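**Student:** File follows, my_file_31.cif with mmCIF, C-alpha atoms:
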data_input
#
loop_
_atom_site.group_PDB
_atom_site.id
_atom_site.type_symbol
_atom_site.label_atom_id
_atom_site.label_comp_id
_atom_site.auth_asym_id
_atom_site.auth_seq_id
_atom_site.Cartn_x
_atom_site.Cartn_y
_atom_site.Cartn_z
ATOM 1 C CA MET A 16 159.968 137.672 -166.749
ATOM 2 C CA THR A 17 163.480 136.251 -166.344
ATOM 3 C CA PHE A 18 166.214 135.515 -168.882
ATOM 4 C CA THR A 19 168.661 132.636 -168.416
ATOM 5 C CA PHE A 20 171.929 132.726 -170.374
ATOM 6 C CA ARG A 21 172.931 129.110 -170.937
ATOM 7 C CA PHE A 22 176.479 127.880 -171.275
ATOM 8 C CA ASP A 23 175.997 127.190 -175.022
ATOM 9 C CA GLY A 24 174.913 130.770 -175.758
ATOM 10 C CA VAL A 25 171.148 130.164 -175.863
ATOM 11 C CA VAL A 26 168.996 132.629 -173.929
ATOM 12 C CA ASP A 27 165.933 131.099 -172.271
ATOM 13 C CA ARG A 28 162.996 133.342 -171.450
ATOM 14 C CA ASN A 29 160.755 132.416 -168.564
ATOM 15 C CA ILE A 30 157.442 134.198 -167.951
ATOM 16 C CA GLN A 31 155.626 133.593 -164.655
ATOM 17 C CA THR A 32 151.963 134.501 -164.300
ATOM 18 C CA ARG A 33 150.496 134.969 -160.827
ATOM 19 C CA THR A 34 146.815 134.959 -159.987
ATOM 20 C CA LEU A 35 145.071 136.332 -156.928
ATOM 21 C CA GLN A 36 142.052 134.410 -155.717
ATOM 22 C CA VAL A 37 139.195 136.619 -154.576
ATOM 23 C CA ILE A 38 136.420 134.767 -152.762
ATOM 24 C CA THR A 39 133.108 136.559 -152.410
ATOM 25 C CA GLY A 40 129.805 135.373 -151.035
ATOM 26 C CA VAL A 41 131.398 132.654 -148.876
ATOM 27 C CA SER A 42 129.221 131.143 -146.170
ATOM 28 C CA ILE A 43 130.344 131.658 -142.603
ATOM 29 C CA MET A 44 130.231 127.876 -142.143
ATOM 30 C CA GLU A 45 133.347 127.579 -144.312
ATOM 31 C CA TYR A 46 135.309 129.618 -141.767
ATOM 32 C CA ILE A 47 134.568 127.231 -138.883
ATOM 33 C CA PRO A 48 138.077 125.605 -138.993
ATOM 34 C CA GLU A 49 139.672 129.056 -138.790
ATOM 35 C CA PHE A 50 137.440 130.022 -135.876
ATOM 36 C CA VAL A 51 138.303 126.807 -134.045
ATOM 37 C CA TRP A 52 142.003 127.406 -134.652
ATOM 38 C CA VAL A 53 141.799 130.974 -133.299
ATOM 39 C CA PHE A 54 139.849 129.707 -130.275
ATOM 40 C CA LEU A 55 142.555 127.118 -129.503
ATOM 41 C CA ILE A 56 145.317 129.709 -129.809
ATOM 42 C CA THR A 57 143.415 132.071 -127.522
ATOM 43 C CA TRP A 58 142.866 129.268 -125.006
ATOM 44 C CA LEU A 59 146.582 128.454 -125.044
ATOM 45 C CA LEU A 60 147.361 132.152 -124.552
ATOM 46 C CA LEU A 61 145.120 132.319 -121.489
ATOM 47 C CA GLN A 62 146.767 129.218 -120.046
ATOM 48 C CA GLU A 63 150.259 130.602 -120.529
ATOM 49 C CA LEU A 64 149.275 133.989 -119.109
ATOM 50 C CA TRP A 65 147.905 132.261 -116.016
ATOM 51 C CA GLN A 66 151.198 130.388 -115.593
ATOM 52 C CA VAL A 67 153.174 133.617 -116.028
ATOM 53 C CA LEU A 68 151.066 135.404 -113.408
ATOM 54 C CA ARG A 69 151.470 132.494 -111.006
ATOM 55 C CA MET A 70 155.246 132.443 -111.534
ATOM 56 C CA CYS A 71 155.401 136.204 -111.019
ATOM 57 C CA TRP A 72 153.510 135.795 -107.735
ATOM 58 C CA GLN A 73 155.999 133.114 -106.674
ATOM 59 C CA ARG A 74 158.923 135.154 -108.059
ATOM 60 C CA LYS A 75 159.988 132.342 -110.360
ATOM 61 C CA LEU A 76 159.508 134.049 -113.722
ATOM 62 C CA GLY A 77 163.147 133.445 -114.695
ATOM 63 C CA HIS A 78 162.724 129.758 -113.976
ATOM 64 C CA TYR A 79 159.610 129.706 -116.165
ATOM 65 C CA PHE A 80 161.356 131.176 -119.214
ATOM 66 C CA SER A 81 164.467 129.044 -118.660
ATOM 67 C CA ASP A 82 162.392 126.079 -119.810
ATOM 68 C CA VAL A 83 162.766 125.882 -123.596
ATOM 69 C CA TRP A 84 159.338 124.279 -124.007
ATOM 70 C CA ASN A 85 157.647 127.315 -122.474
ATOM 71 C CA VAL A 86 159.483 129.491 -124.985
ATOM 72 C CA VAL A 87 158.244 127.220 -127.781
ATOM 73 C CA ASP A 88 154.678 127.679 -126.522
ATOM 74 C CA TRP A 89 154.988 131.466 -126.635
ATOM 75 C CA VAL A 90 156.570 131.402 -130.086
ATOM 76 C CA SER A 91 153.654 129.318 -131.372
ATOM 77 C CA ILE A 92 151.146 131.742 -129.823
ATOM 78 C CA VAL A 93 152.793 134.836 -131.306
ATOM 79 C CA LEU A 94 153.159 133.228 -134.734
ATOM 80 C CA GLY A 95 149.538 132.088 -134.620
ATOM 81 C CA PHE A 96 148.196 135.594 -134.040
ATOM 82 C CA VAL A 97 150.596 137.046 -136.637
ATOM 83 C CA LEU A 98 149.255 134.538 -139.178
ATOM 84 C CA VAL A 99 145.694 135.558 -138.332
ATOM 85 C CA ALA A 100 146.524 139.246 -138.806
ATOM 86 C CA VAL A 101 148.298 138.645 -142.132
ATOM 87 C CA TRP A 102 145.416 136.472 -143.361
ATOM 88 C CA VAL A 103 142.905 139.227 -142.555
ATOM 89 C CA ILE A 104 145.083 141.747 -144.416
ATOM 90 C CA ILE A 105 145.222 139.466 -147.453
ATOM 91 C CA VAL A 106 141.442 138.986 -147.501
ATOM 92 C CA LEU A 107 140.685 142.700 -147.138
ATOM 93 C CA ASP A 108 143.294 143.768 -149.697
ATOM 94 C CA SER A 109 142.082 141.140 -152.177
ATOM 95 C CA GLU A 110 138.507 142.370 -151.951
ATOM 96 C CA SER A 111 139.647 145.995 -152.260
ATOM 97 C CA LEU A 112 141.792 145.163 -155.273
ATOM 98 C CA ALA A 113 138.923 143.333 -156.951
ATOM 99 C CA GLY A 114 136.688 146.356 -156.413
ATOM 100 C CA GLN A 115 139.260 148.665 -158.004
ATOM 101 C CA VAL A 116 139.595 146.406 -161.055
ATOM 102 C CA ILE A 117 135.821 146.225 -161.491
ATOM 103 C CA THR A 118 135.469 150.009 -161.483
ATOM 104 C CA LEU A 119 138.069 150.471 -164.229
ATOM 105 C CA PRO A 120 136.672 150.992 -167.735
ATOM 106 C CA ARG A 121 137.020 148.048 -170.097
ATOM 107 C CA ALA A 122 138.079 147.887 -173.709
ATOM 108 C CA PRO A 123 137.050 149.316 -176.051
ATOM 109 C CA LEU A 124 137.541 152.493 -174.051
ATOM 110 C CA PRO A 125 134.982 155.283 -174.429
ATOM 111 C CA GLU A 126 136.147 158.434 -176.111
ATOM 112 C CA ASN A 127 135.681 160.553 -172.981
ATOM 113 C CA VAL A 128 138.140 158.505 -170.914
ATOM 114 C CA ASP A 129 141.200 160.395 -169.715
ATOM 115 C CA LEU A 130 144.075 158.110 -170.724
ATOM 116 C CA SER A 131 146.513 159.599 -168.208
ATOM 117 C CA VAL A 132 144.103 158.921 -165.338
ATOM 118 C CA TYR A 133 143.377 155.465 -166.746
ATOM 119 C CA ARG A 134 147.084 154.587 -166.873
ATOM 120 C CA THR A 135 147.609 155.964 -163.370
ATOM 121 C CA ASP A 136 144.754 153.842 -162.019
ATOM 122 C CA TRP A 137 146.088 150.697 -163.682
ATOM 123 C CA THR A 138 149.586 151.442 -162.379
ATOM 124 C CA GLY A 139 148.197 151.658 -158.857
ATOM 125 C CA VAL A 140 146.289 148.402 -159.311
ATOM 126 C CA ILE A 141 149.380 146.579 -160.571
ATOM 127 C CA ALA A 142 151.519 147.963 -157.738
ATOM 128 C CA LYS A 143 148.924 146.869 -155.171
ATOM 129 C CA ALA A 144 148.683 143.413 -156.751
ATOM 130 C CA GLU A 145 152.465 143.052 -156.637
ATOM 131 C CA ALA A 146 152.535 144.081 -152.970
ATOM 132 C CA LEU A 147 149.755 141.595 -152.252
ATOM 133 C CA CYS A 148 151.759 138.807 -153.899
ATOM 134 C CA VAL A 149 154.712 139.651 -151.661
ATOM 135 C CA ILE A 150 152.455 139.515 -148.593
ATOM 136 C CA ARG A 151 151.107 136.135 -149.662
ATOM 137 C CA GLU A 152 154.627 134.765 -150.102
ATOM 138 C CA GLY A 153 155.495 136.011 -146.625
ATOM 139 C CA HIS A 154 152.335 134.385 -145.303
ATOM 140 C CA LEU A 155 153.354 131.046 -146.811
ATOM 141 C CA PHE A 156 156.811 131.357 -145.262
ATOM 142 C CA LEU A 157 155.253 132.066 -141.865
ATOM 143 C CA LEU A 158 153.056 128.998 -142.293
ATOM 144 C CA TYR A 159 156.192 126.924 -142.875
ATOM 145 C CA ILE A 160 157.809 128.297 -139.713
ATOM 146 C CA TYR A 161 154.595 127.760 -137.777
ATOM 147 C CA SER A 162 154.402 124.124 -138.880
ATOM 148 C CA SER A 163 157.983 123.632 -137.651
ATOM 149 C CA VAL A 164 157.099 125.144 -134.279
ATOM 150 C CA ILE A 165 154.037 122.891 -134.028
ATOM 151 C CA THR A 166 156.346 119.938 -134.679
ATOM 152 C CA LEU A 167 158.415 121.006 -131.668
ATOM 153 C CA ARG A 168 155.241 121.133 -129.591
ATOM 154 C CA PHE A 169 154.525 117.552 -130.628
ATOM 155 C CA LEU A 170 157.991 116.634 -129.352
ATOM 156 C CA LYS A 171 157.071 118.279 -126.066
ATOM 157 C CA GLY A 172 153.967 116.114 -125.877
ATOM 158 C CA PHE A 173 155.981 113.003 -126.705
ATOM 159 C CA LEU A 174 157.983 113.453 -123.501
ATOM 160 C CA GLY A 175 154.954 112.170 -121.615
ATOM 161 C CA GLN A 176 155.237 108.756 -123.312
ATOM 162 C CA GLN A 177 158.078 106.505 -122.171
ATOM 163 C CA LYS A 178 159.096 104.979 -125.522
ATOM 164 C CA LEU A 179 158.875 108.237 -127.478
ATOM 165 C CA ALA A 180 160.803 110.088 -124.783
ATOM 166 C CA MET A 181 163.553 107.456 -124.864
ATOM 167 C CA ILE A 182 163.969 107.956 -128.631
ATOM 168 C CA GLN A 183 164.232 111.740 -128.211
ATOM 169 C CA PHE A 184 166.847 111.444 -125.465
ATOM 170 C CA SER A 185 168.846 108.981 -127.573
ATOM 171 C CA LEU A 186 168.876 111.374 -130.544
ATOM 172 C CA ALA A 187 169.866 114.265 -128.297
ATOM 173 C CA ARG A 188 172.784 112.371 -126.789
ATOM 174 C CA SER A 189 174.033 111.260 -130.221
ATOM 175 C CA SER A 190 173.754 114.753 -131.745
ATOM 176 C CA SER A 191 177.484 115.427 -131.333
ATOM 177 C CA ASP A 192 178.444 112.276 -133.264
ATOM 178 C CA VAL A 193 175.851 113.016 -135.949
ATOM 179 C CA PHE A 194 177.200 116.565 -136.335
ATOM 180 C CA HIS A 195 180.775 115.354 -136.888
ATOM 181 C CA PHE A 196 179.521 112.760 -139.366
ATOM 182 C CA GLN A 197 177.747 115.504 -141.316
ATOM 183 C CA ILE A 198 180.994 117.470 -141.542
ATOM 184 C CA VAL A 199 182.842 114.516 -143.066
ATOM 185 C CA PHE A 200 179.938 113.678 -145.392
ATOM 186 C CA GLY A 201 179.585 117.312 -146.476
ATOM 187 C CA ILE A 202 183.265 117.600 -147.447
ATOM 188 C CA ILE A 203 183.121 114.393 -149.506
ATOM 189 C CA PHE A 204 179.846 115.454 -151.116
ATOM 190 C CA ILE A 205 181.147 118.913 -152.128
ATOM 191 C CA THR A 206 184.230 117.250 -153.600
ATOM 192 C CA PHE A 207 182.045 115.142 -155.894
ATOM 193 C CA VAL A 208 179.997 118.224 -156.856
ATOM 194 C CA ILE A 209 183.052 120.281 -157.841
ATOM 195 C CA GLY A 210 184.655 117.297 -159.582
ATOM 196 C CA GLY A 211 181.536 116.638 -161.672
ATOM 197 C CA HIS A 212 181.271 120.315 -162.604
ATOM 198 C CA VAL A 213 184.925 120.425 -163.705
ATOM 199 C CA LEU A 214 184.747 117.194 -165.719
ATOM 200 C CA PHE A 215 181.326 117.470 -167.374
ATOM 201 C CA GLY A 216 180.348 121.144 -167.045
ATOM 202 C CA VAL A 217 181.482 122.091 -170.542
ATOM 203 C CA ALA A 218 179.557 119.327 -172.292
ATOM 204 C CA LEU A 219 176.440 118.634 -170.211
ATOM 205 C CA GLN A 220 173.714 121.039 -169.111
ATOM 206 C CA GLU A 221 173.126 119.060 -165.905
ATOM 207 C CA TRP A 222 176.660 119.853 -164.724
ATOM 208 C CA SER A 223 177.147 123.288 -166.326
ATOM 209 C CA THR A 224 176.808 125.244 -163.074
ATOM 210 C CA VAL A 225 177.557 124.450 -159.462
ATOM 211 C CA PRO A 226 173.843 124.451 -158.450
ATOM 212 C CA ASN A 227 173.060 122.102 -161.373
ATOM 213 C CA ALA A 228 175.977 119.897 -160.382
ATOM 214 C CA LEU A 229 174.684 119.863 -156.818
ATOM 215 C CA SER A 230 171.244 118.765 -157.997
ATOM 216 C CA SER A 231 172.731 116.086 -160.286
ATOM 217 C CA THR A 232 174.908 114.718 -157.482
ATOM 218 C CA ILE A 233 171.883 114.424 -155.191
ATOM 219 C CA LYS A 234 169.999 112.541 -157.891
#
Could you show the structure in this file as structure tokens?
**Tutor:**
Amino acid sequence: MTFTFRFDGVVDRNIQTRTLQVITGVSIMEYIPEFVWVFLITWLLLQELWQVLRMCWQRKLGHYFSDVWNVVDWVSIVLGFVLVAVWVIIVLDSESLAGQVITLPRAPLPENVDLSVYRTDWTGVIAKAEALCVIREGHLFLLYIYSSVITLRFLKGFLGQQKLAMIQFSLARSSSDVFHFQIVFGIIFITFVIGGHVLFGVALQEWSTVPNALSSTIK
């Protein structure tokens, strides 16, 4: 539950409800994509380990890790296995949490129920559910990072095609000019944001704060 104090004195209350999906009785056939994904990550790990061993035998391990694309491969492997571990933790904790909720007595409570123990059990369930929500948010963030790393691996694959490689090299060589353009554009953009907030912030909700003014300027 969050409270937002608006510029006109009104207090907005926002209540967010989170649900945890517990899947039971799922057929093993539904996990085939996950198994294939783990198999591909393991295969990539074996390939990279073989290259590392070969470079160690040739005493060129420093040369191997000086290639940024090899580093990208290892980052994708590590993130892949971390995602698998976090996913297993989420599944096991979800099933455990569901079992704890099922065992709790339901309303109307019997007369022989110890209320202090009942409150303690519910407090533990709520704390575990909150921790599980945090883990799920971290899992989603790792998925975002992993998708970005996979995009870099696609760029690595594009180097094998002449036209796609030419586009990548052109963007790389123009990165300095693009960076300086972004500096100029950013200064002009921030000036419009601050100017809109100063002129209209008192009267309009869309410009009442700097983040709102930023969103309105983008629109």
**Student:** Under the rule that all atoms listed in the file are counted, which of A:Leu229, A:Ile105, A:Glu49, A:Gly172 is the nearest residue to A:Val149?
**Tutor:**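 Answer, going by the shortest atom-to-atom distance: A:Ile105.
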**Student:** Report as an mmCIF file with C-alpha atoms, in the frame of the given file the full result of the PyMOL selection byres ((chain A and resi 88-91) around 8) when it is applied to this structure.
**Tutor:**
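Below is the file out.cif, written as the result:
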data_model
loop_
_atom_site.group_PDB
_atom_site.id
_atom_site.type_symbol
_atom_site.label_atom_id
_atom_site.label_comp_id
_atom_site.auth_asym_id
_atom_site.auth_seq_id
_atom_site.Cartn_x
_atom_site.Cartn_y
_atom_site.Cartn_z
ATOM 1 C CA LEU A 60 147.361 132.152 -124.552
ATOM 2 C CA GLU A 63 150.259 130.602 -120.529
ATOM 3 C CA TRP A 84 159.338 124.279 -124.007
ATOM 4 C CA ASN A 85 157.647 127.315 -122.474
ATOM 5 C CA VAL A 86 159.483 129.491 -124.985
ATOM 6 C CA VAL A 87 158.244 127.220 -127.781
ATOM 7 C CA ILE A 92 151.146 131.742 -129.823
ATOM 8 C CA VAL A 93 152.793 134.836 -131.306
ATOM 9 C CA LEU A 94 153.159 133.228 -134.734
ATOM 10 C CA GLY A 95 149.538 132.088 -134.620
ATOM 11 C CA TYR A 161 154.595 127.760 -137.777
ATOM 12 C CA VAL A 164 157.099 125.144 -134.279
ATOM 13 C CA ILE A 165 154.037 122.891 -134.028
ATOM 14 C CA ARG A 168 155.241 121.133 -129.591
#
**Student:** In terms of the shortest atom-to-atom distance over only C-alpha atoms, which of A:Asp129, A:Gly175, A:Tyr159, A:Val217 is closest to A:Leu98?
**Tutor:**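 Among the listed residues, A:Tyr159 lies closest to A:Leu98.
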**Student:** For A:Ile104, which residue among A:Ile150, A:Trp222, A:Gln62, A:Thr138 is the nearest when counting all atoms listed in the file?
**Tutor:** A:Ile150
**Student:** To one decimal place, how far is atom CA of A:Ser81 from atom CA of A:Ser163 in Å?
**Tutor:**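 Those two atoms sit 20.8 Å apart.
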**Student:** Give the padded box for stretch 82-91 of chain A as JSON: axis-aligned, covering all atoms listed in the file, 5 Å on each side, centre and edge lengths in Å to one decimal.
**Tutor:**
{"center_x": 158.2, "center_y": 127.9, "center_z": -125.6, "size_x": 19.1, "size_y": 17.2, "size_z": 21.6}
**Student:** Could you jot down the atom CA of A:Leu179 to atom CA of A:Asp192 separation for me, Å, one decimal place?
**Tutor:** 20.8 Å
**Student:** Calculated over only C-alpha atoms, which of the candidates A:Val199, A:Phe96, A:Asn29, A:Thr19 has the smallest distance to A:Leu55?
**Tutor:**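 So, comparing all the options, the nearest one is A:Phe96.
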**Student:** What's the separation between atom CA of A:Ser111 and atom CA of A:Thr135, in Å to one decimal place?
**Tutor:** 16.9 Å
**Student:** Check the smallest atom-to-atom distance from each of A:Thr32, A:Ala180, A:Ile209, A:Ala122 to A:Thr17 using only C-alpha atoms, then report the winner.
**Tutor:**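 For A:Thr17, the nearest of the candidates is A:Thr32.
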**Student:** Check the smallest atom-to-atom distance from each of A:Leu147, A:Ala218, A:Val53, A:Ile43 to A:Val97 using all atoms listed in the file, then report the winner.
**Tutor:**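 Under the stated criterion, the closest residue is A:Val53.
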**Student:** Fewer than 5 positions away in the same chain doesn't count, so skip those; otherwise give me all residues within 8 Å of A:Met70, counting only C-alpha atoms, as an MDAnalysis selection string.
**Tutor:** chainID A and resid 75:76 79
**Student:** Expand the PyMOL selection byres ((chain A and resi 221) around 12) into the explicit residue set it covers here, and present it as a PDB file with C-alpha atoms, keeping the file's coordinate frame.
**Tutor:**
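selection.pdb was written with the following content:
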ATOM      1  CA  ARG A  21     172.931 129.110-170.937  1.00  0.00           C
ATOM      2  CA  PHE A  22     176.479 127.880-171.275  1.00  0.00           C
ATOM      3  CA  VAL A 208     179.997 118.224-156.856  1.00  0.00           C
ATOM      4  CA  GLY A 211     181.536 116.638-161.672  1.00  0.00           C
ATOM      5  CA  HIS A 212     181.271 120.315-162.604  1.00  0.00           C
ATOM      6  CA  LEU A 214     184.747 117.194-165.719  1.00  0.00           C
ATOM      7  CA  PHE A 215     181.326 117.470-167.374  1.00  0.00           C
ATOM      8  CA  GLY A 216     180.348 121.144-167.045  1.00  0.00           C
ATOM      9  CA  VAL A 217     181.482 122.091-170.542  1.00  0.00           C
ATOM     10  CA  ALA A 218     179.557 119.327-172.292  1.00  0.00           C
ATOM     11  CA  LEU A 219     176.440 118.634-170.211  1.00  0.00           C
ATOM     12  CA  GLN A 220     173.714 121.039-169.111  1.00  0.00           C
ATOM     13  CA  TRP A 222     176.660 119.853-164.724  1.00  0.00           C
ATOM     14  CA  SER A 223     177.147 123.288-166.326  1.00  0.00           C
ATOM     15  CA  THR A 224     176.808 125.244-163.074  1.00  0.00           C
ATOM     16  CA  VAL A 225     177.557 124.450-159.462  1.00  0.00           C
ATOM     17  CA  PRO A 226     173.843 124.451-158.450  1.00  0.00           C
ATOM     18  CA  ASN A 227     173.060 122.102-161.373  1.00  0.00           C
ATOM     19  CA  ALA A 228     175.977 119.897-160.382  1.00  0.00           C
ATOM     20  CA  LEU A 229     174.684 119.863-156.818  1.00  0.00           C
ATOM     21  CA  SER A 230     171.244 118.765-157.997  1.00  0.00           C
ATOM     22  CA  SER A 231     172.731 116.086-160.286  1.00  0.00           C
ATOM     23  CA  THR A 232     174.908 114.718-157.482  1.00  0.00           C
ATOM     24  CA  ILE A 233     171.883 114.424-155.191  1.00  0.00           C
ATOM     25  CA  LYS A 234     169.999 112.541-157.891  1.00  0.00           C
TER      26      LYS A 234
END
**Student:** Fewer than 6 positions away in the same chain doesn't count, so skip those; otherwise give me all residues within 12 Å of A:Tyr133, counting all atoms listed in the file, as JSON, numbers by chain.
**Tutor:** {"A": [115, 116, 118, 119, 120, 121, 122, 124, 125, 127, 139, 140]}
**Student:** May I ask you to restore N, CA, C and O atoms in stretch 137-158 of chain A and write the result as a short mmCIF file (atom, residue, chain, number, x, y, z; two decimals), in the frame of the given file?
**Tutor:**
data_model
loop_
_atom_site.label_atom_id
_atom_site.label_comp_id
_atom_site.auth_asym_id
_atom_site.auth_seq_id
_atom_site.Cartn_x
_atom_site.Cartn_y
_atom_site.Cartn_z
N TRP A 137 145.59 152.05 -163.44
CA TRP A 137 146.09 150.70 -163.68
C TRP A 137 147.46 150.50 -163.04
O TRP A 137 147.77 149.42 -162.54
N THR A 138 148.28 151.54 -163.04
CA THR A 138 149.59 151.44 -162.38
C THR A 138 149.42 151.19 -160.89
O THR A 138 150.13 150.37 -160.29
N GLY A 139 148.46 151.89 -160.27
CA GLY A 139 148.20 151.66 -158.86
C GLY A 139 147.68 150.26 -158.59
O GLY A 139 148.05 149.63 -157.60
N VAL A 140 146.81 149.75 -159.48
CA VAL A 140 146.29 148.40 -159.31
C VAL A 140 147.41 147.37 -159.42
O VAL A 140 147.49 146.43 -158.60
N ILE A 141 148.28 147.53 -160.40
CA ILE A 141 149.38 146.58 -160.57
C ILE A 141 150.34 146.63 -159.38
O ILE A 141 150.81 145.59 -158.89
N ALA A 142 150.63 147.84 -158.90
CA ALA A 142 151.52 147.96 -157.74
C ALA A 142 150.90 147.31 -156.50
O ALA A 142 151.59 146.62 -155.73
N LYS A 143 149.59 147.49 -156.32
CA LYS A 143 148.92 146.87 -155.17
C LYS A 143 148.88 145.35 -155.30
O LYS A 143 149.05 144.63 -154.32
N ALA A 144 148.68 144.86 -156.53
CA ALA A 144 148.68 143.41 -156.75
C ALA A 144 150.06 142.82 -156.49
O ALA A 144 150.18 141.74 -155.89
N GLU A 145 151.10 143.54 -156.89
CA GLU A 145 152.46 143.05 -156.64
C GLU A 145 152.76 143.02 -155.15
O GLU A 145 153.34 142.05 -154.63
N ALA A 146 152.33 144.06 -154.42
CA ALA A 146 152.54 144.08 -152.97
C ALA A 146 151.75 142.96 -152.30
O ALA A 146 152.23 142.32 -151.35
N LEU A 147 150.56 142.67 -152.82
CA LEU A 147 149.76 141.60 -152.25
C LEU A 147 150.40 140.24 -152.48
O LEU A 147 150.35 139.36 -151.61
N CYS A 148 151.03 140.06 -153.64
CA CYS A 148 151.76 138.81 -153.90
C CYS A 148 152.92 138.63 -152.92
O CYS A 148 153.17 137.52 -152.43
N VAL A 149 153.61 139.73 -152.62
CA VAL A 149 154.71 139.65 -151.66
C VAL A 149 154.19 139.27 -150.28
O VAL A 149 154.79 138.46 -149.56
N ILE A 150 153.04 139.85 -149.89
CA ILE A 150 152.46 139.51 -148.59
C ILE A 150 152.05 138.05 -148.54
O ILE A 150 152.25 137.36 -147.53
N ARG A 151 151.51 137.55 -149.63
CA ARG A 151 151.11 136.14 -149.66
C ARG A 151 152.32 135.22 -149.56
O ARG A 151 152.26 134.18 -148.90
N GLU A 152 153.42 135.57 -150.23
CA GLU A 152 154.63 134.76 -150.10
C GLU A 152 155.15 134.78 -148.67
O GLU A 152 155.59 133.75 -148.14
N GLY A 153 155.11 135.95 -148.03
CA GLY A 153 155.50 136.01 -146.62
C GLY A 153 154.58 135.20 -145.74
O GLY A 153 155.03 134.56 -144.77
N HIS A 154 153.30 135.18 -146.07
CA HIS A 154 152.34 134.38 -145.30
C HIS A 154 152.65 132.90 -145.43
O HIS A 154 152.57 132.15 -144.43
N LEU A 155 152.99 132.45 -146.63
CA LEU A 155 153.35 131.05 -146.81
C LEU A 155 154.61 130.69 -146.04
O LEU A 155 154.72 129.60 -145.46
N PHE A 156 155.58 131.61 -146.01
CA PHE A 156 156.81 131.36 -145.26
C PHE A 156 156.52 131.27 -143.77
O PHE A 156 157.08 130.41 -143.06
N LEU A 157 155.63 132.14 -143.28
CA LEU A 157 155.25 132.07 -141.86
C LEU A 157 154.53 130.77 -141.55
O LEU A 157 154.69 130.20 -140.46
N LEU A 158 153.72 130.29 -142.49
CA LEU A 158 153.06 129.00 -142.29
C LEU A 158 154.07 127.87 -142.17
O LEU A 158 153.89 126.94 -141.37
#
